[in-house]
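Listing of start_2.tsv; format and content: TSV, C-alpha atoms.
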chain	number	residue	atom	x	y	z
A	1327	MET	CA	186.17	-12.45	182.43
A	1328	ALA	CA	185.98	-13.30	178.76
A	1329	SER	CA	188.51	-11.77	176.41
A	1330	GLY	CA	188.77	-11.22	172.67
A	1331	PRO	CA	185.65	-10.89	170.51
A	1332	ASP	CA	183.41	-11.92	173.33
A	1333	ALA	CA	184.63	-9.19	175.63
A	1334	PHE	CA	181.93	-6.74	174.39
A	1335	VAL	CA	179.10	-9.23	174.21
A	1336	ASP	CA	176.28	-8.65	176.67
A	1337	CYS	CA	175.87	-11.53	179.06
A	1338	ASP	CA	172.84	-11.37	181.25
A	1339	GLU	CA	172.46	-13.99	183.89
A	1340	GLU	CA	169.80	-14.36	186.50
A	1341	GLN	CA	171.08	-14.85	190.01
A	1342	ASP	CA	168.69	-14.85	192.84
A	1343	GLY	CA	166.14	-12.84	190.79
A	1344	GLU	CA	168.62	-10.11	189.86
A	1345	VAL	CA	170.18	-9.42	186.49
A	1346	GLU	CA	173.85	-8.79	186.56
A	1347	ASN	CA	175.30	-6.69	183.68
A	1348	LYS	CA	178.73	-8.02	182.96
A	1349	ARG	CA	179.45	-5.69	179.80
A	1350	PRO	CA	182.99	-4.31	180.08
A	1351	ARG	CA	183.68	-0.62	179.47
A	1352	ALA	CA	185.45	0.44	176.19
A	1353	THR	CA	188.86	1.86	176.65
A	1354	ASP	CA	190.13	5.07	175.05
A	1355	ALA	CA	192.24	3.03	172.71
A	1356	ASP	CA	189.18	1.16	171.54
A	1357	LEU	CA	187.28	4.39	170.92
A	1358	GLU	CA	190.20	5.82	169.04
A	1359	ASP	CA	190.39	2.76	166.83
A	1360	LEU	CA	186.63	2.99	166.17
A	1361	ARG	CA	186.90	6.68	165.25
A	1362	GLN	CA	189.79	5.91	162.96
A	1363	HIS	CA	187.82	3.15	161.30
A	1364	VAL	CA	184.82	5.43	160.75
A	1365	ASP	CA	187.02	8.18	159.33
A	1366	ASN	CA	188.63	5.72	156.97
A	1367	THR	CA	185.21	4.46	155.88
A	1368	LYS	CA	183.99	7.99	155.26
A	1369	ALA	CA	187.07	8.79	153.22
A	1370	GLU	CA	186.60	5.65	151.16
A	1371	VAL	CA	182.93	6.43	150.59
A	1372	LYS	CA	183.83	9.95	149.54
A	1373	ARG	CA	186.42	8.69	147.11
A	1374	SER	CA	183.97	6.17	145.70
A	1375	LEU	CA	181.28	8.81	145.45
A	1376	ALA	CA	183.69	11.20	143.77
A	1377	ALA	CA	184.69	8.49	141.29
A	1378	VAL	CA	181.00	7.76	140.57
A	1379	LEU	CA	180.26	11.45	140.12
A	1380	ALA	CA	183.29	11.83	137.87
A	1381	GLY	CA	182.14	8.85	135.84
A	1382	LEU	CA	178.61	10.26	135.57
A	1383	ALA	CA	180.01	13.61	134.53
A	1384	SER	CA	182.13	11.95	131.85
A	1385	VAL	CA	179.15	9.97	130.58
A	1386	GLY	CA	177.01	13.07	130.64
A	1387	ASN	CA	179.58	15.07	128.71
A	1388	SER	CA	179.95	12.29	126.17
A	1389	PHE	CA	176.17	11.96	125.79
A	1390	THR	CA	175.78	15.70	125.43
A	1391	SER	CA	178.54	15.82	122.83
A	1392	HIS	CA	177.00	12.92	120.93
A	1393	CYS	CA	173.58	14.60	120.98
A	1394	GLN	CA	175.07	17.83	119.72
A	1395	THR	CA	176.86	15.98	116.90
A	1396	LEU	CA	173.66	14.16	115.99
A	1397	ASP	CA	171.72	17.41	115.99
A	1398	LEU	CA	174.26	18.99	113.64
A	1399	GLN	CA	174.13	16.00	111.29
A	1400	MET	CA	170.32	16.01	111.25
A	1401	GLU	CA	170.25	19.74	110.65
A	1402	ARG	CA	172.65	19.41	107.70
A	1403	ARG	CA	170.60	16.55	106.24
A	1404	LEU	CA	167.36	18.49	106.66
A	1405	ASN	CA	168.95	21.44	104.91
A	1406	GLN	CA	170.03	19.17	102.06
A	1407	ILE	CA	166.52	17.71	101.78
A	1408	ASN	CA	164.97	21.18	101.80
A	1409	GLU	CA	167.37	22.25	99.04
A	1410	GLU	CA	166.52	19.15	96.98
A	1411	ILE	CA	162.80	19.85	97.46
A	1412	ARG	CA	163.34	23.46	96.37
A	1413	VAL	CA	165.19	22.34	93.23
A	1414	GLN	CA	162.50	19.79	92.38
A	1415	ASN	CA	159.76	22.35	92.95
A	1416	THR	CA	161.58	24.71	90.60
A	1417	LYS	CA	161.74	21.99	87.94
A	1418	ILE	CA	158.07	21.11	88.43
A	1419	THR	CA	157.11	24.76	88.09
A	1420	ALA	CA	159.14	25.02	84.88
A	1421	LEU	CA	157.48	21.87	83.50
A	1422	GLN	CA	154.04	23.19	84.39
A	1423	GLU	CA	154.83	26.40	82.54
A	1424	ASP	CA	156.03	24.39	79.52
A	1425	VAL	CA	152.84	22.31	79.56
A	1426	ARG	CA	150.73	25.47	79.79
A	1427	ASP	CA	152.61	27.03	76.87
A	1428	LEU	CA	152.24	23.84	74.80
A	1429	ARG	CA	148.52	23.71	75.53
A	1430	GLN	CA	148.14	27.33	74.46
A	1431	LEU	CA	150.16	26.63	71.31
A	1432	LEU	CA	148.12	23.51	70.53
A	1433	GLY	CA	144.92	25.46	71.04
A	1434	ALA	CA	146.15	28.15	68.68
A	1435	VAL	CA	147.20	25.55	66.10
A	1436	ARG	CA	143.83	23.82	66.29
A	1437	ALA	CA	141.98	27.12	66.00
A	1438	GLU	CA	144.04	28.31	63.04
A	1439	LYS	CA	142.46	27.60	59.67
A	1440	PRO	CA	144.58	27.03	56.57
A	1441	GLU	CA	144.77	29.98	54.26
A	1442	VAL	CA	142.92	29.55	50.97
A	1443	THR	CA	144.28	31.68	48.16
A	1444	ALA	CA	142.91	32.45	44.75
A	1445	ALA	CA	145.76	30.48	43.20
A	1446	ALA	CA	144.39	27.33	44.78
A	1447	ALA	CA	141.43	27.42	42.37
A	1448	GLY	CA	143.75	26.90	39.41
A	1449	GLY	CA	142.96	27.51	35.75
A	1450	ASN	CA	140.18	26.16	33.51
A	1451	GLY	CA	137.53	26.59	36.16
A	1452	GLY	CA	139.49	24.57	38.70
A	1453	PHE	CA	140.21	21.67	36.31
A	1454	GLU	CA	143.83	21.65	37.37
A	1455	ARG	CA	143.37	23.43	40.70
A	1456	LYS	CA	145.92	22.93	43.43
A	1457	THR	CA	144.75	20.09	45.63
A	1458	ASP	CA	144.14	20.70	49.32
A	1459	SER	CA	146.51	18.63	51.45
A	1460	THR	CA	144.51	19.30	54.63
A	1461	ILE	CA	141.42	17.29	53.66
A	1462	VAL	CA	140.39	13.79	52.72
A	1463	THR	CA	137.40	13.04	50.52
A	1464	LEU	CA	134.66	10.55	51.36
A	1465	ARG	CA	132.59	9.18	48.47
A	1466	THR	CA	129.71	6.81	49.07
A	1467	LYS	CA	127.95	4.59	46.52
A	1468	ASP	CA	124.57	5.80	47.73
A	1469	ALA	CA	123.50	9.09	49.27
A	1470	VAL	CA	123.93	9.11	53.05
A	1471	PRO	CA	123.35	11.73	55.80
A	1472	LYS	CA	126.40	13.81	56.66
A	1473	GLN	CA	126.58	12.53	60.24
A	1474	SER	CA	126.39	8.91	59.06
A	1475	ALA	CA	129.40	9.49	56.82
A	1476	LEU	CA	131.37	10.82	59.78
A	1477	VAL	CA	130.31	7.88	61.97
A	1478	GLY	CA	131.46	5.44	59.29
A	1479	PHE	CA	134.83	7.21	59.15
A	1480	GLN	CA	135.23	7.24	62.95
A	1481	PRO	CA	137.14	3.88	63.19
A	1482	VAL	CA	139.90	5.30	60.96
A	1483	LEU	CA	140.22	8.40	63.15
A	1484	GLU	CA	140.47	6.21	66.23
A	1485	THR	CA	143.23	4.13	64.64
A	1486	ALA	CA	145.11	7.33	63.73
A	1487	ASN	CA	144.62	8.65	67.32
A	1488	ILE	CA	142.85	11.77	66.09
A	1489	PRO	CA	139.94	13.11	68.21
A	1490	THR	CA	136.67	13.70	66.36
A	1491	GLU	CA	136.61	17.30	67.57
A	1492	ASP	CA	139.81	17.93	65.57
A	1493	VAL	CA	138.00	17.48	62.23
A	1494	ASP	CA	135.06	19.11	60.44
A	1495	ILE	CA	132.88	17.34	57.87
A	1496	GLU	CA	131.76	19.43	54.91
A	1497	GLY	CA	129.05	18.65	52.40
A	1498	ASP	CA	125.31	18.67	51.88
A	1499	PRO	CA	123.04	17.16	54.58
A	1500	LEU	CA	122.37	14.22	52.23
A	1501	SER	CA	125.03	13.50	49.63
A	1502	LYS	CA	127.42	11.01	48.07
A	1503	LYS	CA	130.48	13.19	48.58
A	1504	PHE	CA	131.90	14.76	51.73
A	1505	GLN	CA	135.16	16.32	52.76
A	1506	ILE	CA	136.86	15.74	56.12
A	1507	ARG	CA	138.84	18.87	56.95
A	1508	PHE	CA	141.53	18.60	59.60
A	1509	LYS	CA	141.84	21.60	61.90
A	1510	GLY	CA	145.05	23.51	62.49
A	1511	ALA	CA	147.81	25.07	60.44
A	1512	ALA	CA	148.46	23.61	56.99
A	1513	GLY	CA	151.56	21.64	57.97
A	1514	TYR	CA	149.93	20.23	61.09
A	1515	ALA	CA	146.72	19.29	59.21
A	1516	THR	CA	148.68	17.72	56.33
A	1517	ARG	CA	150.55	15.45	58.73
A	1518	ARG	CA	147.22	14.32	60.14
A	1519	VAL	CA	145.88	13.60	56.65
A	1520	ASN	CA	148.91	11.37	55.99
A	1521	GLN	CA	148.38	9.77	59.38
A	1522	THR	CA	144.77	8.98	58.47
A	1523	LEU	CA	145.60	7.55	55.04
A	1524	SER	CA	148.31	5.39	56.63
A	1525	ALA	CA	145.73	4.11	59.12
A	1526	MET	CA	143.48	3.15	56.18
A	1527	ARG	CA	146.28	1.12	54.63
A	1528	ALA	CA	147.32	-0.50	57.89
A	1529	LEU	CA	143.78	-1.69	58.56
A	1530	GLY	CA	143.24	-3.16	55.11
A	1531	PRO	CA	143.64	-6.89	54.39
A	1532	GLN	CA	146.98	-7.83	52.87
A	1533	GLY	CA	148.11	-4.24	52.86
A	1534	GLY	CA	145.09	-2.95	50.90
A	1535	TRP	CA	142.53	-0.36	51.88
A	1536	ARG	CA	140.02	-0.95	54.61
A	1537	GLN	CA	136.46	-1.40	53.41
A	1538	LEU	CA	134.25	1.23	55.07
A	1539	THR	CA	130.49	1.65	54.98
A	1540	ALA	CA	128.07	4.40	56.01
A	1541	LYS	CA	124.41	4.04	56.94
A	1542	THR	CA	121.86	5.38	54.44
A	1543	ALA	CA	118.65	7.12	55.46
A	1544	THR	CA	116.89	3.74	55.18
A	1545	ASN	CA	119.52	2.06	57.41
A	1546	GLY	CA	121.27	0.34	54.50
A	1547	ASP	CA	125.03	0.03	54.10
A	1548	ALA	CA	126.69	2.26	51.50
A	1549	PRO	CA	130.30	1.38	50.62
A	1550	THR	CA	132.61	4.33	51.31
A	1551	TYR	CA	135.79	5.25	49.48
A	1552	VAL	CA	138.42	7.45	51.14
A	1553	SER	CA	141.08	9.36	49.22
A	1554	SER	CA	143.18	12.47	49.35
A	1555	ASP	CA	141.84	15.57	47.63
A	1556	LYS	CA	141.84	15.30	43.81
A	1557	ASN	CA	141.14	17.87	41.13
A	1558	ALA	CA	139.07	17.24	38.00
A	1559	PHE	CA	142.19	16.48	35.95
A	1560	GLN	CA	143.20	13.68	38.30
A	1561	ILE	CA	139.70	12.25	38.49
A	1562	GLN	CA	139.22	12.17	34.70
A	1563	HIS	CA	142.71	10.77	34.32
A	1564	GLU	CA	141.87	7.81	36.56
A	1565	ILE	CA	138.52	7.25	34.84
A	1566	GLY	CA	140.12	7.44	31.39
A	1567	LEU	CA	142.88	5.02	32.30
A	1568	LYS	CA	140.40	2.46	33.58
A	1569	ARG	CA	138.46	2.64	30.32
A	1570	LEU	CA	141.64	2.56	28.27
A	1571	ARG	CA	142.95	-0.45	30.13
A	1572	GLY	CA	139.76	-2.37	29.40
A	1573	GLY	CA	139.97	-1.58	25.70
A	1574	LEU	CA	143.63	-2.57	25.44
A	1575	GLU	CA	143.12	-5.83	27.30
A	1576	GLU	CA	140.40	-6.81	24.79
A	1577	LEU	CA	142.86	-6.37	21.90
A	1578	CYS	CA	145.98	-7.87	23.54
A	1579	LEU	CA	146.68	-11.55	23.81
A	1580	ALA	CA	145.16	-13.36	26.79
A	1581	GLY	CA	147.49	-13.26	29.76
A	1582	ASP	CA	149.36	-10.15	28.59
A	1583	SER	CA	149.77	-7.53	31.31
A	1584	ILE	CA	149.38	-3.80	30.86
A	1585	TRP	CA	151.69	-1.81	33.16
A	1586	ILE	CA	151.43	1.82	34.12
A	1587	LYS	CA	154.28	4.34	34.28
A	1588	SER	CA	153.69	7.75	35.81
A	1589	LYS	CA	155.24	10.97	34.45
A	1590	ALA	CA	154.03	14.38	35.55
A	1591	ARG	CA	150.45	14.72	34.37
A	1592	CYS	CA	150.27	11.68	32.17
A	1593	LEU	CA	150.40	7.92	32.54
A	1594	ASN	CA	151.98	5.62	30.00
A	1595	TRP	CA	150.47	2.29	29.17
A	1596	GLU	CA	153.66	0.36	28.72
A	1597	VAL	CA	154.97	2.20	25.64
A	1598	LEU	CA	151.76	2.03	23.65
A	1599	VAL	CA	149.69	5.12	24.39
A	1600	ARG	CA	149.71	8.28	26.51
A	1601	LEU	CA	146.45	9.76	27.84
A	1602	THR	CA	146.00	13.44	28.68
A	1603	PRO	CA	142.56	14.60	29.93
A	1604	LYS	CA	140.95	17.82	28.66
A	1605	PRO	CA	138.73	20.20	30.64
A	1606	GLY	CA	135.05	19.26	30.70
A	1607	GLN	CA	133.53	15.80	30.80
A	1608	SER	CA	132.28	16.16	27.20
A	1609	GLU	CA	135.81	16.57	25.87
A	1610	PRO	CA	137.54	13.25	25.06
A	1611	PRO	CA	141.11	12.97	26.26
A	1612	LEU	CA	144.10	13.29	24.01
A	1613	LEU	CA	145.51	9.86	23.05
A	1614	GLU	CA	149.10	9.78	21.77
A	1615	TRP	CA	150.08	6.44	20.22
A	1616	ALA	CA	153.60	5.06	20.04
A	1617	LYS	CA	153.44	3.65	16.49
A	1618	ASN	CA	156.86	2.01	16.47
A	1619	HIS	CA	156.26	0.14	19.70
A	1620	ILE	CA	152.79	-0.93	18.61
A	1621	GLU	CA	154.11	-2.41	15.36
A	1622	ALA	CA	156.97	-4.08	17.21
A	1623	ALA	CA	154.41	-5.74	19.46
A	1624	GLY	CA	152.57	-7.07	16.38
A	1625	LEU	CA	149.42	-5.01	17.04
A	1626	ASP	CA	147.26	-3.04	14.60
A	1627	LYS	CA	147.43	0.67	15.48
A	1628	ALA	CA	144.33	1.62	13.52
A	1629	GLN	CA	142.31	-1.10	15.20
A	1630	MET	CA	143.58	-0.11	18.63
A	1631	ALA	CA	142.95	3.58	18.05
A	1632	ALA	CA	139.43	2.98	16.80
A	1633	LYS	CA	138.62	0.71	19.72
A	1634	CYS	CA	140.03	2.98	22.42
A	1635	GLU	CA	138.75	6.25	20.95
A	1636	SER	CA	135.27	4.77	20.84
A	1637	LEU	CA	135.45	4.39	24.60
A	1638	PHE	CA	135.53	8.20	24.90
A	1639	SER	CA	132.96	9.03	22.22
A	1640	GLN	CA	130.36	9.68	24.93
A	1641	ALA	CA	131.05	11.34	28.23
A	1642	ALA	CA	130.35	9.22	31.26
A	1643	ALA	CA	129.72	10.37	34.83
A	1644	PRO	CA	132.67	9.83	37.15
A	1645	GLU	CA	132.57	6.56	38.95
A	1646	TRP	CA	131.36	6.86	42.56
A	1647	CYS	CA	134.71	5.81	44.02
A	1648	LEU	CA	136.60	8.53	42.12
Full structure transcribed into structure tokens:
Amino acid sequence: MASGPDAFVDCDEEQDGEVENKRPRATDADLEDLRQHVDNTKAEVKRSLAAVLAGLASVGNSFTSHCQTLDLQMERRLNQINEEIRVQNTKITALQEDVRDLRQLLGAVRAEKPEVTAAAAGGNGGFERKTDSTIVTLRTKDAVPKQSALVGFQPVLETANIPTEDVDIEGDPLSKKFQIRFKGAAGYATRRVNQTLSAMRALGPQGGWRQLTAKTATNGDAPTYVSSDKNAFQIQHEIGLKRLRGGLEELCLAGDSIWIKSKARCLNWEVLVRLTPKPGQSEPPLLEWAKNHIEAAGLDKAQMAAKCESLFSQAAAPEWCL
């Protein structure tokens, strides 16, 4: 009989048509060894399974802890974001309220009209009235419709960033003189007048004044002059000085220059003569001659006085641009 590993191997052989089973029977010792082996295997499997379960439990605890930590961090961050949003919303609400208040204030300022007092008319029938700092005057060489004058002035308003609805044009439907009144309180309107006059200078060639025109009723172009408000004294002063300058230049040597110095309500031609207008266009202005300076310049005072006073012997209508 075979021994060793082959002792438990089935060996079937055919002899005379019969199969003989030569498998040996297991002994008690063999069965005991087999049971011991199985028990050992079970114990090992249990230990391995316990180790696996312990490992899974550890991983699960770690994963759960990590998830909890992440949840706490996300919750804190979300709370921070919500707080930041709340703060920003509070600031936005405050800004919206400020904008609303500013719009209401601006509307009130635009709606407010400057107060006109009796003192503004001045004495002598308004000859030396207080000028209105909230208006500019438009004078055209030819009569134009009121709307045409405003259209011709529109480019200056655009340069000064002033909307057309913030001004009113006053004057006859067809005239040579109009007033542009700026809406709002006096200080606010005065700043806009200065803004407009600055825009006129900025647009002019070589620092001069821009040349404006307005369409006449026959579609012609009428030159337009823009200035701040002037009373009759100022207008006659400018007209008188222009006449006086012409008369002096005829008597002075060719190439001599006549310079102007301003003092209060009078202008000095060098040191030769001082001109002071009088109320009414029919009244010639007062001319005060500086005799000593005239003689020092080698000029004839009598001749100069006669020439210049003759310029005012007849009243002349104010020039269109004054």
Fill in the blank from the handout: CA of Ala1540 (chain A) sits from CA of Thr1466 (chain A) at a separation of 7.5 Å
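Considering the residues A:Leu1432, A:Ala1558, A:Leu1538, A:Val1371 and counting only C-alpha atoms, Gln1480 (chain A) has its shortest atom-to-atom contact with A:Leu1538.
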Practice task
Record the distance separating CA of Lys1509 (chain A) and CA of Val1477 (chain A), expressed in Å with one decimal.
Solution key: 17.9 Å
